[in-house]
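Containing mmCIF, C-alpha atoms: start.cif.
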data_final
#
loop_
_atom_site.label_atom_id
_atom_site.label_comp_id
_atom_site.auth_asym_id
_atom_site.auth_seq_id
_atom_site.Cartn_x
_atom_site.Cartn_y
_atom_site.Cartn_z
CA MET C 23 0.00 0.00 0.00
CA ALA C 24 1.29 3.49 -0.86
CA LYS C 25 2.32 5.67 2.09
CA SER C 26 0.73 9.10 2.60
CA ILE C 27 2.65 12.33 2.13
CA THR C 28 2.52 12.86 5.88
CA GLU C 29 4.02 9.43 6.53
CA ASN C 30 6.76 10.05 3.94
CA ARG C 31 7.67 13.39 5.57
CA ALA C 32 7.68 11.79 9.00
CA MET C 33 10.12 9.20 7.77
CA GLU C 34 12.34 11.86 6.17
CA LYS C 35 12.69 13.97 9.34
CA PRO C 36 14.99 11.61 11.21
CA ARG C 37 17.31 11.51 8.20
CA GLY C 38 17.64 15.31 8.13
CA GLY C 39 17.86 15.55 11.91
CA GLY C 40 20.45 12.82 11.96
CA SER C 41 22.53 14.72 9.42
CA ARG C 42 22.40 17.87 11.48
CA GLN C 43 23.25 15.92 14.62
CA SER C 44 26.16 14.32 12.82
CA GLY C 45 27.44 17.78 11.80
CA LEU C 46 27.21 19.04 15.38
CA SER C 47 29.04 15.97 16.65
CA GLY C 48 31.74 16.55 14.05
CA HIS C 49 32.23 20.14 15.22
CA GLN C 50 32.42 19.02 18.84
CA ALA C 51 34.92 16.30 18.06
CA ARG C 52 37.11 18.80 16.16
CA LEU C 53 36.89 21.31 19.02
CA GLU C 54 38.01 18.68 21.51
CA GLN C 55 40.87 17.68 19.23
CA LEU C 56 42.00 21.31 18.93
CA ASP C 57 41.73 21.77 22.69
CA ARG C 58 44.08 18.85 23.25
CA GLN C 59 46.53 20.27 20.70
CA ILE C 60 46.38 23.72 22.28
CA VAL C 61 47.03 22.36 25.78
CA LYS C 62 49.96 20.31 24.43
CA LEU C 63 51.49 23.38 22.78
CA LEU C 64 50.90 25.53 25.87
CA ASN C 65 52.79 23.05 28.00
CA GLU C 66 55.58 22.73 25.42
CA ARG C 67 55.99 26.51 25.40
CA THR C 68 55.96 26.61 29.19
CA GLU C 69 58.66 23.95 29.46
CA LEU C 70 60.87 25.86 27.03
CA ALA C 71 60.25 29.18 28.83
CA VAL C 72 61.23 27.59 32.16
CA LYS C 73 64.42 26.14 30.63
CA GLN C 74 65.31 29.54 29.17
CA ALA C 75 64.71 31.30 32.49
CA LYS C 76 66.86 28.84 34.42
CA ALA C 77 69.64 29.09 31.82
CA GLN C 78 69.59 32.88 32.20
CA GLN C 79 69.87 32.51 35.97
CA VAL C 80 72.92 30.21 35.58
CA ALA C 81 74.48 32.83 33.30
CA GLY C 82 73.99 35.46 36.00
CA GLU C 83 71.15 37.22 34.18
CA PRO C 84 67.59 37.92 35.41
CA ALA C 85 65.28 34.94 34.92
CA PHE C 86 62.75 37.20 33.22
CA LEU C 87 62.45 40.76 31.96
CA LEU C 88 59.25 42.81 31.96
CA GLY C 89 60.02 44.39 28.61
CA ARG C 90 60.74 41.04 26.98
CA GLU C 91 57.42 39.71 28.24
CA GLU C 92 55.58 42.71 26.83
CA GLU C 93 57.38 42.30 23.53
CA ALA C 94 56.33 38.63 23.30
CA ILE C 95 52.70 39.56 23.99
CA ALA C 96 52.79 42.39 21.43
CA LYS C 97 54.21 40.04 18.77
CA ALA C 98 51.49 37.48 19.49
CA VAL C 99 48.77 40.11 19.14
CA GLU C 100 50.33 41.42 15.92
CA SER C 101 50.53 37.93 14.40
CA SER C 102 46.86 37.16 15.04
CA LYS C 103 44.64 37.54 11.95
CA GLY C 104 41.37 37.05 13.86
CA PRO C 105 38.55 36.48 14.39
CA LEU C 106 39.75 36.44 18.02
CA PRO C 107 40.15 40.11 19.06
CA GLY C 108 43.59 41.35 19.99
CA ARG C 109 42.48 42.03 23.55
CA ALA C 110 41.62 38.35 24.00
CA VAL C 111 44.95 37.24 22.51
CA ARG C 112 46.74 39.61 24.89
CA ALA C 113 44.90 38.17 27.91
CA VAL C 114 45.69 34.57 26.92
CA PHE C 115 49.41 35.22 26.46
CA ARG C 116 49.59 37.38 29.57
CA GLU C 117 48.33 34.50 31.70
CA LEU C 118 50.45 31.96 29.82
CA ILE C 119 53.61 33.94 30.53
CA SER C 120 52.52 34.58 34.11
CA GLY C 121 51.98 30.87 34.72
CA ALA C 122 55.37 29.92 33.26
CA ARG C 123 57.11 32.62 35.31
CA SER C 124 55.53 31.33 38.53
CA LEU C 125 57.18 27.92 37.99
CA VAL C 126 60.56 29.62 38.29
CA HIS C 127 59.71 32.25 40.89
CA GLU C 128 56.32 33.35 42.18
CA LEU C 129 56.40 37.11 42.29
CA ARG C 130 54.97 39.12 45.16
CA VAL C 131 53.46 42.41 44.02
CA ALA C 132 52.21 45.22 46.28
CA PHE C 133 49.52 47.67 45.22
CA LEU C 134 47.11 50.20 46.67
CA GLY C 135 44.14 48.01 47.62
CA PRO C 136 41.72 46.52 48.35
CA LEU C 137 41.15 44.11 45.47
CA TYR C 138 39.90 45.50 42.14
CA SER C 139 41.19 49.00 42.68
CA TYR C 140 42.61 50.50 39.50
CA SER C 141 46.09 49.75 40.87
CA HIS C 142 45.07 46.09 41.17
CA LEU C 143 43.83 46.08 37.56
CA ALA C 144 47.14 47.61 36.44
CA ALA C 145 49.02 44.92 38.37
CA ILE C 146 46.96 42.16 36.74
CA HIS C 147 47.66 43.62 33.31
CA ARG C 148 51.39 43.79 33.94
CA PHE C 149 51.99 40.51 35.80
CA GLY C 150 48.99 38.27 35.09
CA GLN C 151 47.27 36.45 37.93
CA SER C 152 49.88 33.76 38.70
CA VAL C 153 51.50 36.02 41.29
CA GLU C 154 50.95 36.73 44.96
CA PHE C 155 49.17 40.08 45.20
CA LEU C 156 49.58 42.15 48.37
CA PRO C 157 46.96 44.90 48.76
CA VAL C 158 48.11 47.66 51.14
CA GLY C 159 46.44 50.75 52.51
CA SER C 160 48.54 53.56 51.02
CA ILE C 161 50.99 54.44 48.29
CA ALA C 162 53.66 54.91 50.97
CA ALA C 163 53.07 51.32 52.09
CA VAL C 164 53.67 50.06 48.53
CA PHE C 165 57.09 51.74 48.51
CA GLU C 166 57.91 50.43 51.99
CA GLU C 167 57.01 46.81 51.17
CA VAL C 168 59.29 46.85 48.12
CA ASN C 169 62.09 48.75 49.88
CA ARG C 170 62.15 46.23 52.74
CA GLY C 171 62.34 43.33 50.32
CA HIS C 172 58.91 41.98 51.28
CA CYS C 173 57.75 42.25 47.65
CA ASP C 174 59.49 41.91 44.30
CA PHE C 175 57.57 44.77 42.71
CA GLY C 176 55.04 47.46 43.48
CA ILE C 177 52.50 49.29 41.33
CA VAL C 178 51.89 52.99 42.03
CA PRO C 179 49.96 55.63 40.07
CA MET C 180 52.22 58.32 38.57
CA GLU C 181 49.90 60.67 36.70
CA ASN C 182 46.40 61.03 35.39
CA SER C 183 45.45 62.71 32.13
CA THR C 184 42.85 64.84 33.94
CA ASP C 185 44.46 65.65 37.30
CA GLY C 186 48.16 65.42 36.46
CA ARG C 187 50.77 64.11 38.89
CA VAL C 188 49.99 61.90 41.88
CA ALA C 189 51.63 63.80 44.74
CA ASP C 190 51.86 60.83 47.13
CA THR C 191 53.96 58.92 44.60
CA MET C 192 56.23 61.90 43.91
CA ASP C 193 56.75 62.36 47.63
CA MET C 194 57.80 58.73 48.18
CA PHE C 195 60.40 58.88 45.40
CA THR C 196 62.05 61.71 47.35
CA ARG C 197 62.09 59.62 50.54
CA LEU C 198 63.11 56.10 49.46
CA PRO C 199 65.78 54.94 46.94
CA MET C 200 63.34 53.21 44.61
CA LYS C 201 63.74 52.51 40.89
CA ILE C 202 61.16 52.50 38.07
CA CYS C 203 61.49 49.35 35.99
CA GLY C 204 58.29 49.48 33.98
CA GLU C 205 55.06 51.33 33.37
CA VAL C 206 51.41 50.54 32.69
CA GLU C 207 48.99 53.02 31.15
CA LEU C 208 45.30 52.21 31.49
CA GLU C 209 42.19 53.83 30.14
CA ILE C 210 40.17 54.65 33.23
CA HIS C 211 36.39 54.41 32.94
CA HIS C 212 34.52 55.19 36.14
CA ALA C 213 31.16 53.66 37.04
CA LEU C 214 28.58 54.71 39.63
CA LEU C 215 27.91 51.64 41.77
CA ALA C 216 25.35 51.05 44.53
CA ARG C 217 22.75 48.70 45.97
CA CYS C 218 20.07 51.38 45.93
CA SER C 219 18.56 53.31 43.02
CA ARG C 220 20.16 56.52 41.76
CA ALA C 221 17.31 58.57 43.27
CA ASP C 222 18.15 57.18 46.73
CA VAL C 223 21.87 57.98 46.62
CA LYS C 224 22.78 60.39 49.43
CA GLU C 225 26.58 59.93 49.53
CA VAL C 226 29.17 59.14 46.86
CA TYR C 227 32.47 57.62 47.99
CA SER C 228 35.73 57.43 46.07
CA ARG C 229 39.36 58.51 45.93
CA PRO C 230 39.87 62.27 45.59
CA GLN C 231 41.19 61.87 42.04
CA ALA C 232 38.17 59.82 40.92
CA LEU C 233 35.72 62.32 42.44
CA SER C 234 37.57 65.13 40.69
CA GLN C 235 37.48 63.30 37.35
CA CYS C 236 33.68 62.95 37.62
CA ARG C 237 32.82 66.29 39.24
CA ASN C 238 30.84 67.69 36.28
CA TRP C 239 28.81 64.48 35.89
CA LEU C 240 28.05 64.45 39.62
CA ALA C 241 26.99 68.10 39.56
CA ARG C 242 24.55 67.43 36.71
CA HIS C 243 23.13 64.07 37.76
CA LEU C 244 23.56 63.84 41.55
CA PRO C 245 23.61 67.43 42.86
CA GLN C 246 21.93 66.30 46.10
CA ALA C 247 24.59 63.66 46.92
CA ARG C 248 27.54 64.47 49.18
CA PRO C 249 30.97 63.41 47.80
CA ILE C 250 33.17 61.73 50.43
CA GLU C 251 36.87 61.00 49.91
CA VAL C 252 38.31 57.60 50.89
CA THR C 253 41.68 55.92 50.38
CA SER C 254 40.79 53.83 47.30
CA THR C 255 38.01 53.15 44.82
CA SER C 256 37.69 49.58 46.11
CA THR C 257 37.20 50.87 49.66
CA ALA C 258 34.44 53.03 48.22
CA ALA C 259 32.82 49.94 46.67
CA GLN C 260 32.98 48.14 50.02
CA LEU C 261 31.24 51.06 51.72
CA ALA C 262 28.56 51.20 49.01
CA ASN C 263 27.92 47.52 49.68
CA GLU C 264 27.49 48.12 53.42
CA LYS C 265 25.82 51.53 53.82
CA PRO C 266 22.21 52.36 52.81
CA GLY C 267 22.06 55.34 50.45
CA ALA C 268 25.76 55.08 49.60
CA ALA C 269 27.22 54.86 46.10
CA ALA C 270 30.79 54.44 44.89
CA ILE C 271 32.78 55.66 41.92
CA ALA C 272 34.96 52.69 40.98
CA SER C 273 35.71 50.17 38.26
CA LEU C 274 33.11 47.80 36.84
CA GLN C 275 35.23 44.92 38.14
CA ALA C 276 34.94 46.31 41.68
CA GLY C 277 31.18 46.46 41.24
CA ILE C 278 31.06 42.84 40.13
CA HIS C 279 33.34 41.75 42.99
CA TYR C 280 31.26 43.48 45.67
CA GLY C 281 27.87 42.59 44.16
CA LEU C 282 26.79 46.16 43.33
CA ASN C 283 24.43 47.40 40.65
CA VAL C 284 25.83 49.65 37.95
CA LEU C 285 23.76 52.84 38.05
CA ALA C 286 25.80 54.56 35.31
CA GLU C 287 28.88 53.77 33.23
CA GLN C 288 31.70 55.94 31.90
CA ILE C 289 30.82 58.94 34.06
CA GLU C 290 34.32 60.46 33.80
CA ASP C 291 34.24 64.01 32.39
CA ASN C 292 37.14 63.28 30.04
CA PRO C 293 36.32 60.32 27.73
CA SER C 294 40.06 59.89 27.07
CA ASN C 295 40.85 59.59 30.78
CA THR C 296 44.01 57.53 31.42
CA THR C 297 46.24 56.82 34.40
CA ARG C 298 49.89 55.90 34.11
CA PHE C 299 51.30 53.55 36.73
CA ALA C 300 54.95 52.96 37.58
CA VAL C 301 56.31 49.49 38.29
CA ILE C 302 58.82 49.96 41.10
CA GLY C 303 61.46 47.48 42.19
CA ASP C 304 65.18 46.78 42.37
CA TRP C 305 65.54 45.74 38.71
CA LYS C 306 67.51 47.21 35.82
CA HIS C 307 66.02 46.82 32.37
CA PRO C 308 68.26 46.41 29.31
CA ARG C 309 67.81 48.59 26.26
CA THR C 310 64.88 47.72 23.96
CA GLY C 311 65.01 50.61 21.46
CA ARG C 312 61.71 52.08 22.66
CA ASP C 313 62.74 53.19 26.12
CA LYS C 314 62.23 56.10 28.46
CA THR C 315 64.51 57.24 31.27
CA ALA C 316 63.14 58.88 34.41
CA MET C 317 65.05 61.09 36.83
CA MET C 318 64.60 63.76 39.46
CA PHE C 319 66.94 66.67 40.11
CA GLN C 320 67.29 69.85 42.15
CA VAL C 321 68.85 73.04 40.80
CA ALA C 322 70.22 76.04 42.64
CA HIS C 323 67.59 78.67 43.44
CA ARG C 324 68.93 81.37 41.08
CA PRO C 325 67.83 83.02 37.83
CA GLY C 326 68.29 80.67 34.86
CA GLY C 327 69.10 77.61 36.99
CA LEU C 328 66.30 75.46 35.56
CA ALA C 329 66.79 76.84 32.03
CA ASP C 330 70.47 75.86 32.11
CA ALA C 331 69.56 72.32 33.16
CA LEU C 332 66.85 71.90 30.52
CA ASN C 333 69.11 73.25 27.80
CA ILE C 334 71.29 70.15 28.28
CA PHE C 335 68.48 67.98 26.89
CA LYS C 336 68.12 70.29 23.89
CA ARG C 337 71.85 70.21 23.12
CA ASN C 338 71.84 66.40 23.19
CA ARG C 339 68.67 66.20 21.04
CA LEU C 340 66.73 64.35 23.74
CA ASN C 341 62.95 64.64 23.69
CA LEU C 342 61.30 65.17 27.08
CA THR C 343 58.02 63.27 27.55
CA TRP C 344 57.15 64.49 31.06
CA ILE C 345 58.24 67.19 33.50
CA GLU C 346 56.81 68.01 36.93
CA SER C 347 57.93 70.20 39.79
CA PHE C 348 57.49 69.05 43.38
CA PRO C 349 58.25 71.00 46.58
CA LEU C 350 61.15 69.42 48.45
CA PRO C 351 59.97 68.27 51.89
CA GLY C 352 61.53 70.30 54.70
CA GLU C 353 63.18 72.93 52.48
CA LYS C 354 61.20 76.12 51.91
CA GLY C 355 61.39 77.38 48.34
CA ALA C 356 63.27 74.30 47.12
CA TYR C 357 61.87 72.10 44.37
CA LEU C 358 62.65 68.76 42.80
CA PHE C 359 61.96 68.35 39.09
CA PHE C 360 60.76 65.00 37.81
CA VAL C 361 61.70 64.47 34.16
CA GLU C 362 61.24 61.64 31.66
CA MET C 363 62.94 61.55 28.29
CA GLU C 364 63.11 59.23 25.34
CA GLY C 365 66.13 56.94 25.39
CA HIS C 366 67.88 54.44 27.66
CA GLU C 367 70.44 55.42 30.29
CA THR C 368 73.07 53.36 28.44
CA ASP C 369 72.60 55.38 25.21
CA ILE C 370 75.53 57.66 24.43
CA ARG C 371 73.43 60.84 24.21
CA VAL C 372 71.65 60.04 27.48
CA ARG C 373 74.93 59.30 29.25
CA ARG C 374 76.40 62.55 27.96
CA ALA C 375 73.35 64.50 29.13
CA LEU C 376 73.38 62.90 32.59
CA ALA C 377 77.08 63.71 33.02
CA ALA C 378 76.46 67.36 32.09
CA LEU C 379 73.35 67.52 34.27
CA LYS C 380 75.30 66.30 37.28
CA ASN C 381 77.47 69.42 37.04
CA LYS C 382 74.44 71.72 36.84
CA THR C 383 72.37 70.32 39.70
CA LEU C 384 72.51 70.07 43.48
CA ARG C 385 70.97 66.62 43.38
CA LEU C 386 70.43 64.13 40.58
CA ASP C 387 68.77 60.72 40.95
CA VAL C 388 68.23 58.50 37.92
CA LEU C 389 65.02 56.59 38.66
CA GLY C 390 65.50 54.04 35.89
CA SER C 391 65.04 53.17 32.22
CA PHE C 392 62.10 51.11 31.02
CA PRO C 393 60.15 50.30 27.84
CA ALA C 394 57.42 52.77 26.92
CA ALA C 395 53.96 51.25 27.39
CA GLU C 396 50.92 51.36 25.15
CA ILE C 397 47.55 52.51 26.48
CA ILE C 398 45.43 49.53 27.50
CA ASP C 399 41.67 49.38 28.10
CA GLU C 400 41.21 46.73 30.79
CA ASN C 401 37.61 47.50 31.74
CA LEU C 402 35.03 44.79 31.26
CA PRO C 403 31.61 45.40 29.67
CA SER C 404 28.77 45.38 32.17
CA SER C 405 25.51 43.48 31.91
CA LYS C 406 24.09 44.87 35.18
CA THR C 407 23.48 48.52 34.28
CA SER C 408 20.43 49.97 36.01
CA THR C 409 18.62 53.04 34.79
CA THR C 410 16.79 53.58 38.08
#
Reformat the file's structure so that it appears as structure tokens.
Amino acid sequence: MAKSITENRAMEKPRGGGSRQSGLSGHQARLEQLDRQIVKLLNERTELAVKQAKAQQVAGEPAFLLGREEEAIAKAVESSKGPLPGRAVRAVFRELISGARSLVHELRVAFLGPLYSYSHLAAIHRFGQSVEFLPVGSIAAVFEEVNRGHCDFGIVPMENSTDGRVADTMDMFTRLPMKICGEVELEIHHALLARCSRADVKEVYSRPQALSQCRNWLARHLPQARPIEVTSTSTAAQLANEKPGAAAIASLQAGIHYGLNVLAEQIEDNPSNTTRFAVIGDWKHPRTGRDKTAMMFQVAHRPGGLADALNIFKRNRLNLTWIESFPLPGEKGAYLFFVEMEGHETDIRVRRALAALKNKTLRLDVLGSFPAAEIIDENLPSSKTSTT
């Protein structure tokens, strides 16, 4: 007996469904095969990196160099043709290098905490997460932990594109013999975080710099809320989690960590807001060809004293990338000048300039040479934004 059209279609469905199921199974099998290959290659690379690090130690060289790590990550990002975005490639290689490094020596890194402050995010970007992080309560404490040998490195904010220098960091360079061996420059996007609605916010907590960077937004959108300064943006997030009617200006990651709602994103007045962090520690970095050298000096308090010192850089064709004046603690009318220039302290022109500068200054401290960093956006997209 002939089958009906309905019966024929019913019999055909399993064939089509089976084909689709077979295709899905094929994709899954290929994914699992690739995963095994990737893990094998990751471990092969790690073994080779560990051998290289140990060989460098035997030769009396540092086991690892921050600039070399950054260069490896940059090359990996440059070689990627997609579709994986460069940011994802960077994160994968950052953690791969961090994990390999920890097999030779687990670094201890101090930063201005608590967790998920912008200093913590900068530390994660620079060192990955296979390190021991030490959150401390002040910038001075970061310097002290490194100076006492309790930590290998510290991360401290140097300057912000909106508010300029970070005075606490400048002050500590004048007090402790600390070197700069790297830098991290992050795009800083502030978020308004709270457990309550925006209409119920009575107080806004954050670091003075973050409040300053959002002052126009706060004046327009939360004129009734009282801004309150605290030691870090993560401390602000903790308070917003605990106090009714309290909000924090902090990173999205801090909001996620402390279980806060995002009332508004990117509330900074300057959309190109960045903060540059210094990596401090007792390490000397070899020349890379894209270096900067930092120093601080004091000149005699007389007409033309600073002009004579700065003219040395002009004569040696050295481009200055940063200059700041800072009052010298305990000496009325005396200033230290913080200067960064392009070039490494082993370069002939830089050496010549430093020798000449020594004769023109009362004090000269070379803070270190390090590879120039690219601006990185480490903020995560939020899926918890509230419009209330």
**Item:** Resolved residues for the PyMOL selection byres ((chain C and resi 338) around 9) as an MDAnalysis selection string
**Value:** chainID C and resid 333:337 339:340 371:372 374:375
**Item:** Residues within 9 Å of region 223-237 of chain C, all atoms listed in the file, excluding chain neighbours under 3 positions, as a PyMOL selection string
**Value:** chain C and resi 182+184-185+188+212+214+216+218-220+240-242+244+246-259+261-262+266-272+289-292+295
**Request:** List, as a ChimeraX atom specification, every residue that the PyMOL selection byres ((chain C and resi 88) around 9) selects in the file provided.
**Result:** /C:86-87,89-93,148-149,203-204,307,392-393
**Prompt:** Which distance in Å separates CA of Leu156 (chain C) and CA of Arg130 (chain C), to one decimal?
**Reply:** 7.0 Å
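Of the residues under consideration (C:Asp222, C:Asp57, C:Glu83, C:Glu154), C:Glu154 shows the shortest atom-to-atom contact distance to His142 (chain C) when counting all atoms listed in the file.
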**Selection result of the PyMOL selection byres ((chain C and resi 171) around 12) on this file, as a ChimeraX atom specification** = /C:129-132,164-170,172-176,200,302-304
Residue subset to file, keeping C-alpha atoms, as a PDB file, in the frame of the given file:
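Writing the result to selection_3.pdb gives the following:
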ATOM      1  CA  LEU C 129      56.400  37.110  42.290  1.00  0.00           C
ATOM      2  CA  ARG C 130      54.970  39.120  45.160  1.00  0.00           C
ATOM      3  CA  VAL C 131      53.460  42.410  44.020  1.00  0.00           C
ATOM      4  CA  ALA C 132      52.210  45.220  46.280  1.00  0.00           C
ATOM      5  CA  VAL C 164      53.670  50.060  48.530  1.00  0.00           C
ATOM      6  CA  PHE C 165      57.090  51.740  48.510  1.00  0.00           C
ATOM      7  CA  GLU C 166      57.910  50.430  51.990  1.00  0.00           C
ATOM      8  CA  GLU C 167      57.010  46.810  51.170  1.00  0.00           C
ATOM      9  CA  VAL C 168      59.290  46.850  48.120  1.00  0.00           C
ATOM     10  CA  ASN C 169      62.090  48.750  49.880  1.00  0.00           C
ATOM     11  CA  ARG C 170      62.150  46.230  52.740  1.00  0.00           C
ATOM     12  CA  HIS C 172      58.910  41.980  51.280  1.00  0.00           C
ATOM     13  CA  CYS C 173      57.750  42.250  47.650  1.00  0.00           C
ATOM     14  CA  ASP C 174      59.490  41.910  44.300  1.00  0.00           C
ATOM     15  CA  PHE C 175      57.570  44.770  42.710  1.00  0.00           C
ATOM     16  CA  GLY C 176      55.040  47.460  43.480  1.00  0.00           C
ATOM     17  CA  MET C 200      63.340  53.210  44.610  1.00  0.00           C
ATOM     18  CA  ILE C 302      58.820  49.960  41.100  1.00  0.00           C
ATOM     19  CA  GLY C 303      61.460  47.480  42.190  1.00  0.00           C
ATOM     20  CA  ASP C 304      65.180  46.780  42.370  1.00  0.00           C
TER      21      ASP C 304
END
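If you look at CA of Leu389 (chain C) and CA of Gly311 (chain C), they are 18.2 Å away from each other.
Shortest atom-to-atom contact with Asn381 (chain C) among C:Leu56, C:Ala331, C:Val361, C:Val301: C:Ala331, counting only C-alpha atoms.
In this structure, CA of Trp344 (chain C) sits 8.9 Å away from CA of Ala316 (chain C).
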**Item:** Minimum-distance residue to Ala394 (chain C), chosen among C:Phe299, C:Pro325, C:Lys380, C:Leu350 (using only C-alpha atoms)
**Value:** C:Phe299
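For the residues C:Met318, C:Ala377, C:Leu143, C:Ala110, ranking by smallest atom-to-atom distance to Ser273 (chain C) using all atoms listed in the file places C:Leu143 first.
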**Request:** Tell me which protein, DNA and RNA residues are within 8 Å of region 70-72 of chain C, counting only C-alpha atoms, leaving out same-chain ones fewer than 2 positions away, and put them as number ranges by chain.
**Result:** C: 66-68, 74-76, 122-123, 125-126
Can you rebuild region 136-143 of chain C with all heavy atoms and give it as an mmCIF file, in the frame of the given file?
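Final file, rebuild19.cif:
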data_model
loop_
_atom_site.group_PDB
_atom_site.id
_atom_site.type_symbol
_atom_site.label_atom_id
_atom_site.label_comp_id
_atom_site.auth_asym_id
_atom_site.auth_seq_id
_atom_site.Cartn_x
_atom_site.Cartn_y
_atom_site.Cartn_z
ATOM 1 N N PRO C 136 41.861 47.972 48.415
ATOM 2 C CA PRO C 136 41.720 46.520 48.350
ATOM 3 C C PRO C 136 41.672 46.000 46.904
ATOM 4 O O PRO C 136 42.005 46.728 45.974
ATOM 5 C CB PRO C 136 40.389 46.242 49.066
ATOM 6 C CG PRO C 136 40.078 47.496 49.826
ATOM 7 C CD PRO C 136 40.687 48.602 49.020
ATOM 8 N N LEU C 137 41.219 44.737 46.787
ATOM 9 C CA LEU C 137 41.150 44.110 45.470
ATOM 10 C C LEU C 137 40.255 44.902 44.523
ATOM 11 O O LEU C 137 39.253 45.490 44.930
ATOM 12 C CB LEU C 137 40.620 42.676 45.589
ATOM 13 C CG LEU C 137 41.457 41.690 46.402
ATOM 14 C CD1 LEU C 137 40.764 40.334 46.462
ATOM 15 C CD2 LEU C 137 42.855 41.549 45.822
ATOM 16 N N TYR C 138 40.631 44.881 43.244
ATOM 17 C CA TYR C 138 39.900 45.500 42.140
ATOM 18 C C TYR C 138 39.898 47.025 42.195
ATOM 19 O O TYR C 138 39.039 47.674 41.608
ATOM 20 C CB TYR C 138 38.474 44.926 42.032
ATOM 21 C CG TYR C 138 38.520 43.455 41.710
ATOM 22 C CD1 TYR C 138 38.353 42.500 42.704
ATOM 23 C CD2 TYR C 138 38.832 43.023 40.437
ATOM 24 C CE1 TYR C 138 38.464 41.149 42.426
ATOM 25 C CE2 TYR C 138 38.943 41.671 40.144
ATOM 26 C CZ TYR C 138 38.758 40.749 41.145
ATOM 27 O OH TYR C 138 38.875 39.412 40.860
ATOM 28 N N SER C 139 40.887 47.584 42.902
ATOM 29 C CA SER C 139 41.190 49.000 42.680
ATOM 30 C C SER C 139 41.826 49.117 41.306
ATOM 31 O O SER C 139 42.199 48.123 40.684
ATOM 32 C CB SER C 139 42.166 49.492 43.758
ATOM 33 O OG SER C 139 43.402 48.789 43.631
ATOM 34 N N TYR C 140 41.966 50.335 40.810
ATOM 35 C CA TYR C 140 42.610 50.500 39.500
ATOM 36 C C TYR C 140 44.076 50.065 39.561
ATOM 37 O O TYR C 140 44.619 49.560 38.570
ATOM 38 C CB TYR C 140 42.491 51.950 39.033
ATOM 39 C CG TYR C 140 41.078 52.322 38.669
ATOM 40 C CD1 TYR C 140 40.342 53.202 39.461
ATOM 41 C CD2 TYR C 140 40.460 51.788 37.545
ATOM 42 C CE1 TYR C 140 39.039 53.530 39.138
ATOM 43 C CE2 TYR C 140 39.159 52.105 37.220
ATOM 44 C CZ TYR C 140 38.452 52.976 38.016
ATOM 45 O OH TYR C 140 37.152 53.294 37.703
ATOM 46 N N SER C 141 44.719 50.238 40.721
ATOM 47 C CA SER C 141 46.090 49.750 40.870
ATOM 48 C C SER C 141 46.142 48.230 40.749
ATOM 49 O O SER C 141 47.082 47.671 40.171
ATOM 50 C CB SER C 141 46.663 50.188 42.220
ATOM 51 O OG SER C 141 46.843 51.590 42.264
ATOM 52 N N HIS C 142 45.131 47.547 41.293
ATOM 53 C CA HIS C 142 45.070 46.090 41.170
ATOM 54 C C HIS C 142 44.894 45.690 39.707
ATOM 55 O O HIS C 142 45.544 44.753 39.219
ATOM 56 C CB HIS C 142 43.912 45.551 42.016
ATOM 57 C CG HIS C 142 43.818 44.054 42.029
ATOM 58 N ND1 HIS C 142 42.637 43.390 42.231
ATOM 59 C CD2 HIS C 142 44.760 43.091 41.850
ATOM 60 C CE1 HIS C 142 42.847 42.089 42.186
ATOM 61 N NE2 HIS C 142 44.126 41.881 41.962
ATOM 62 N N LEU C 143 44.026 46.393 38.985
ATOM 63 C CA LEU C 143 43.830 46.080 37.560
ATOM 64 C C LEU C 143 45.114 46.299 36.774
ATOM 65 O O LEU C 143 45.443 45.520 35.869
ATOM 66 C CB LEU C 143 42.701 46.942 36.992
ATOM 67 C CG LEU C 143 41.316 46.763 37.624
ATOM 68 C CD1 LEU C 143 40.298 47.651 36.919
ATOM 69 C CD2 LEU C 143 40.866 45.319 37.599
#
